[in-house]
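As structure tokens, the structure follows; a few thoughts come after it.
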Amino acid sequence: MAVKNKPTVKVEQFFGVNNRDKDVEFGLKAFSDAQNCDVTRARKIKRRKGFQQVYDASGNLIQAAWFDADGWPYGYIQLADGNLYEIDVSYNTRVLDTGLDPVVHGALVGHRIEDTVYLSNGRKTWVIEERQARSWGLPWAYPPSVEAIAGGELRAGTYGLAVTFHRGNGLLEGGARIPVYVVVADGQGLRLTNIPTHPDALGRYVYVTAPDGEEFFLVERLGADETEYTYRGSGKQLGVSLETLYHGPPPAGQAVTHLGSRMLVASGPYLYDSNVYNYELFNPRRFAQFGSPINVLGAVLDGVYVGTNREIVFLQGSGVTDFRRIPIANYGAYRGTLVETSADRIGTNDLQGEAVLFATSRGFAAGFNGGSFKNLTVDHFELPAANRGTAMLRDEDGQHHYVSVIETT
């Protein structure tokens with residue numbers, strides 16, 4: 001019996017996946033679905049390489065992970081079964097924190113500046129420094145108990161007192177949340193008791209105002225453990241002023257990035273920025289508010305892209321107080337899918353400099369300096385509705401691949 005030759009068609013070039021148009025409209029130039037496929041620089045299809053297991057979680061439930069792809073040797077951090085782990089390039093694990101709620105599921109988000117990582121899972125914050133985890137910022141120090149006592153050199157008037165925590169160097173001082181005031185007669189001093197302590201603090205600073213004054217000045221540097229202090233001075237040699245009144249640590253957030261001289265943290269629908277070059281001190285009254293929770297936060301040279309459930313905007317400027325809000329798109333972005341890169345890795349000939357990539361409800365998009373924005377796949381590929389995802393950049397065969405996995409609704 002003769003075997004009939006079946007007709008074959010050679011696909012010269014492959015132009016990607018198209019799930020927006022009907023199959024008959026794009027023919028063999030694209031596919032409506034493709035699995036385990038890669039596309040070469042010559043637009044040929046090849047089978048995607050397999051995978052190799054390099055780390056055994058030993059049955060632990062990995063709830064969240066954060067990865068730094070810029071060559072840092074300790075760039076993989078995971079939250080698993082109530083512990084925070086560091087995993088180095090040889091896949092050795094190191095416990096950074098314990099006692100975390102193993103039921104809480106949330107992405108780890110962070111940003112590395114040199115060898116310091118600023119990290120949050122939406123419930124708690126950390127700074128990873130010298131391969132050790134500590135709190136991101138120091139908590140507010142509540143005021144001590146204070147009374148006027150005999151035997152001092154103070155003039156009559158009302159005095160304010162405040163206490164802050166510090167870590168032993170001048171850059172890491174916490175905030176004073178609520179001052180306390182006391183009326184003093186001529187020739188009296190001040191007695192402080194119940195001075196707050198904290199395990200992350202190496203000491204405390206005590207600040208006092210002038211009589212009936214508003215500005216606080218340093219009068220004493222205490223160690224980590226003293227809970228009582230007496231001040232009998234005159235208050236005339238006060239010089240170092242309190243600069244952290246009502247400031248405090250960052251809120252736990254679902255997105256973190258760095259812009260110029262500030263760290264930015266998104267917590268719910270609010271965007272907070274740190275003080276200039278003080279990444280661990282935030283003013284809780286300084287924020288930008290959006291209409292729904294912030295999902296992506298991506299900084300470029302002159303601003304930051306913010307994507308919520310409903311919109312994408314570009315905030316041009318250096319901080320919350322001077323941001324200029326530029327509307328970009330009236331659709332939302334998917335949490336956890338943002339990666340920071342450069343324009344040349346995206347393949348745009350007309351744009352240069354810093355860039356961000358992230359997934360949206362209308363496809364994969366890129367943001368560039370100056371608020372220039374491109375939805376790279378809107379004409380041919382749409383993503384399903386999703387709650388969140390994750391993403392990374394991969395270099396393969398001379399190409400730059402944005403790889404994303406999303407959790408559909």
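We label chains A, B, ... in the order they appear in the structure tokens, count residues from 1 in each chain, and number ligands from 1 in the order shown.
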
*For A:Val403, please output as a PyMOL selection string all residues within 7 Å (counting only C-alpha atoms; exclusion window: fewer than 3 positions along the same chain).*
chain A and resi 391-393

*asked:* I'd like the neighbourhood of A:Thr409 as a ChimeraX atom specification, where a residue qualifies if any of its atoms comes within 12 Å (using only C-alpha atoms), though same-chain residues fewer than 6 positions away should be ignored.
replied: /A:334,361,383-389

_Shell around A:Trp140 at 7 Å using only C-alpha atoms, local window under 2 positions removed, as a PyMOL selection string_ = chain A and resi 138+142+174-177+248

*Using the chain letters and numbers from this document, which residues of stretch 32-188 of chain A does DSSP assign to strand (DSSP E or B), as a ChimeraX atom specification?*
/A:37-39,45-47,62-67,76-80,83-87,93-97,109-113,116-120,125-129,132-134,141,145-154,157-166,173,176,180-184,188

*For each of A:Glu280, A:Asp200, A:Glu12, A:Glu173, take the minimum atom-to-atom distance to A:Thr116, counting only C-alpha atoms, then give the residue where this is smallest.*
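For A:Thr116, the nearest of the candidates is A:Glu280.
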
_as a ChimeraX atom specification, please: the residues near A:Gly110 (cut-off 10 Å, only C-alpha atoms, same-chain neighbours under 3 positions excluded)._
/A:66-68,77,107,117-121,125-127,253-258,265

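Near A:Gly160, within 9 Å and counting only C-alpha atoms, sit Pro179, Val180, Tyr181, Val182, Tyr207, Val208, Thr209, Ala210, Pro211, Asp212, Gly213, Glu214, Glu215 and Phe216 of chain A; same-chain residues fewer than 3 positions away were not included.
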
Next, dump the selected residues to file, keeping only N, CA and C atoms, as a PDB file, in the first residue's frame.
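For reference, out-v7.pdb as written:
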```pdb
ATOM      1  N   PRO A 179       6.777  63.942  73.304  1.00  0.00           N
ATOM      2  CA  PRO A 179       7.520  64.553  74.413  1.00  0.00           C
ATOM      3  C   PRO A 179       6.651  64.607  75.676  1.00  0.00           C
ATOM      4  N   VAL A 180       7.289  64.826  76.804  1.00  0.00           N
ATOM      5  CA  VAL A 180       6.583  65.010  78.063  1.00  0.00           C
ATOM      6  C   VAL A 180       7.004  66.364  78.623  1.00  0.00           C
ATOM      7  N   TYR A 181       6.085  67.051  79.293  1.00  0.00           N
ATOM      8  CA  TYR A 181       6.355  68.403  79.789  1.00  0.00           C
ATOM      9  C   TYR A 181       6.159  68.443  81.299  1.00  0.00           C
ATOM     10  N   VAL A 182       6.968  69.289  81.956  1.00  0.00           N
ATOM     11  CA  VAL A 182       6.892  69.435  83.409  1.00  0.00           C
ATOM     12  C   VAL A 182       7.154  70.896  83.774  1.00  0.00           C
ATOM     13  N   TYR A 207      16.905  64.588  75.649  1.00  0.00           N
ATOM     14  CA  TYR A 207      16.788  65.953  75.147  1.00  0.00           C
ATOM     15  C   TYR A 207      15.864  66.762  76.060  1.00  0.00           C
ATOM     16  N   VAL A 208      16.189  68.048  76.238  1.00  0.00           N
ATOM     17  CA  VAL A 208      15.404  68.964  77.069  1.00  0.00           C
ATOM     18  C   VAL A 208      15.263  70.286  76.316  1.00  0.00           C
ATOM     19  N   THR A 209      14.116  70.937  76.495  1.00  0.00           N
ATOM     20  CA  THR A 209      13.934  72.275  75.920  1.00  0.00           C
ATOM     21  C   THR A 209      14.445  73.335  76.884  1.00  0.00           C
ATOM     22  N   ALA A 210      14.592  74.550  76.393  1.00  0.00           N
ATOM     23  CA  ALA A 210      14.782  75.710  77.259  1.00  0.00           C
ATOM     24  C   ALA A 210      13.452  75.998  77.965  1.00  0.00           C
ATOM     25  N   PRO A 211      13.430  76.816  79.025  1.00  0.00           N
ATOM     26  CA  PRO A 211      12.160  77.107  79.699  1.00  0.00           C
ATOM     27  C   PRO A 211      11.154  77.712  78.732  1.00  0.00           C
ATOM     28  N   ASP A 212       9.978  77.098  78.667  1.00  0.00           N
ATOM     29  CA  ASP A 212       8.896  77.532  77.782  1.00  0.00           C
ATOM     30  C   ASP A 212       9.309  77.486  76.311  1.00  0.00           C
ATOM     31  N   GLY A 213      10.305  76.667  76.005  1.00  0.00           N
ATOM     32  CA  GLY A 213      10.793  76.572  74.634  1.00  0.00           C
ATOM     33  C   GLY A 213      10.124  75.443  73.860  1.00  0.00           C
ATOM     34  N   GLU A 214      10.383  75.414  72.567  1.00  0.00           N
ATOM     35  CA  GLU A 214       9.806  74.394  71.684  1.00  0.00           C
ATOM     36  C   GLU A 214      10.856  73.464  71.094  1.00  0.00           C
ATOM     37  N   GLU A 215      12.109  73.906  70.997  1.00  0.00           N
ATOM     38  CA  GLU A 215      13.164  73.091  70.402  1.00  0.00           C
ATOM     39  C   GLU A 215      13.871  72.285  71.482  1.00  0.00           C
ATOM     40  N   PHE A 216      14.158  71.014  71.166  1.00  0.00           N
ATOM     41  CA  PHE A 216      14.786  70.099  72.118  1.00  0.00           C
ATOM     42  C   PHE A 216      16.284  70.027  71.851  1.00  0.00           C
TER      43      PHE A 216
END
```

_For a quick check of understanding, using only C-alpha atoms, which of A:Asn309, A:Ala288, A:Ala299, A:Thr244 has the smallest distance to A:Arg324?_
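Distance minimum relative to A:Arg324 lands on A:Ala288.
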
*Hey, what's within 10 Å of A:Leu154 if we count only C-alpha atoms and toss same-chain stuff fewer than 6 positions away? As an NGL selection string, please?*
:A and (148 or 184-190 or 210-211 or 231-236)

*How many Å lie between atom CA of A:Thr390 and atom CA of A:Ser404, rounded to one decimal?*
5.7 Å

*For atom CA of A:Ala366 and atom CA of A:Arg123, determine how far apart the two atoms are, in Å to one decimal place.*
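If I compute the distance from atom CA of A:Ala366 to atom CA of A:Arg123, I get 28.9 Å.
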
*Using only C-alpha atoms, determine which residues lie at most 12 Å from A:Lys46, disregarding the query and same-chain residues fewer than 2 positions distant; provide the list as a count of residues only.*
16

_One decimal, in Å: what's the spacing between atom CA of A:Arg20 and atom CA of A:Asp379?_
7.5 Å

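Among the candidate residues A:Phe314, A:Phe217, A:Tyr246, A:Tyr277, the one lying nearest to A:Ile178 is A:Tyr246, with distances computed using only C-alpha atoms.
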
_Residue nearest A:Gly291 - candidates A:Gly303, A:Arg94, A:Asn275, A:Pro269, atoms counted: only C-alpha atoms_ = A:Pro269

_Nearest residue to A:Glu147 out of A:Ala355, A:Val320, A:Ile294, A:Leu161, using only C-alpha atoms?_
A:Leu161
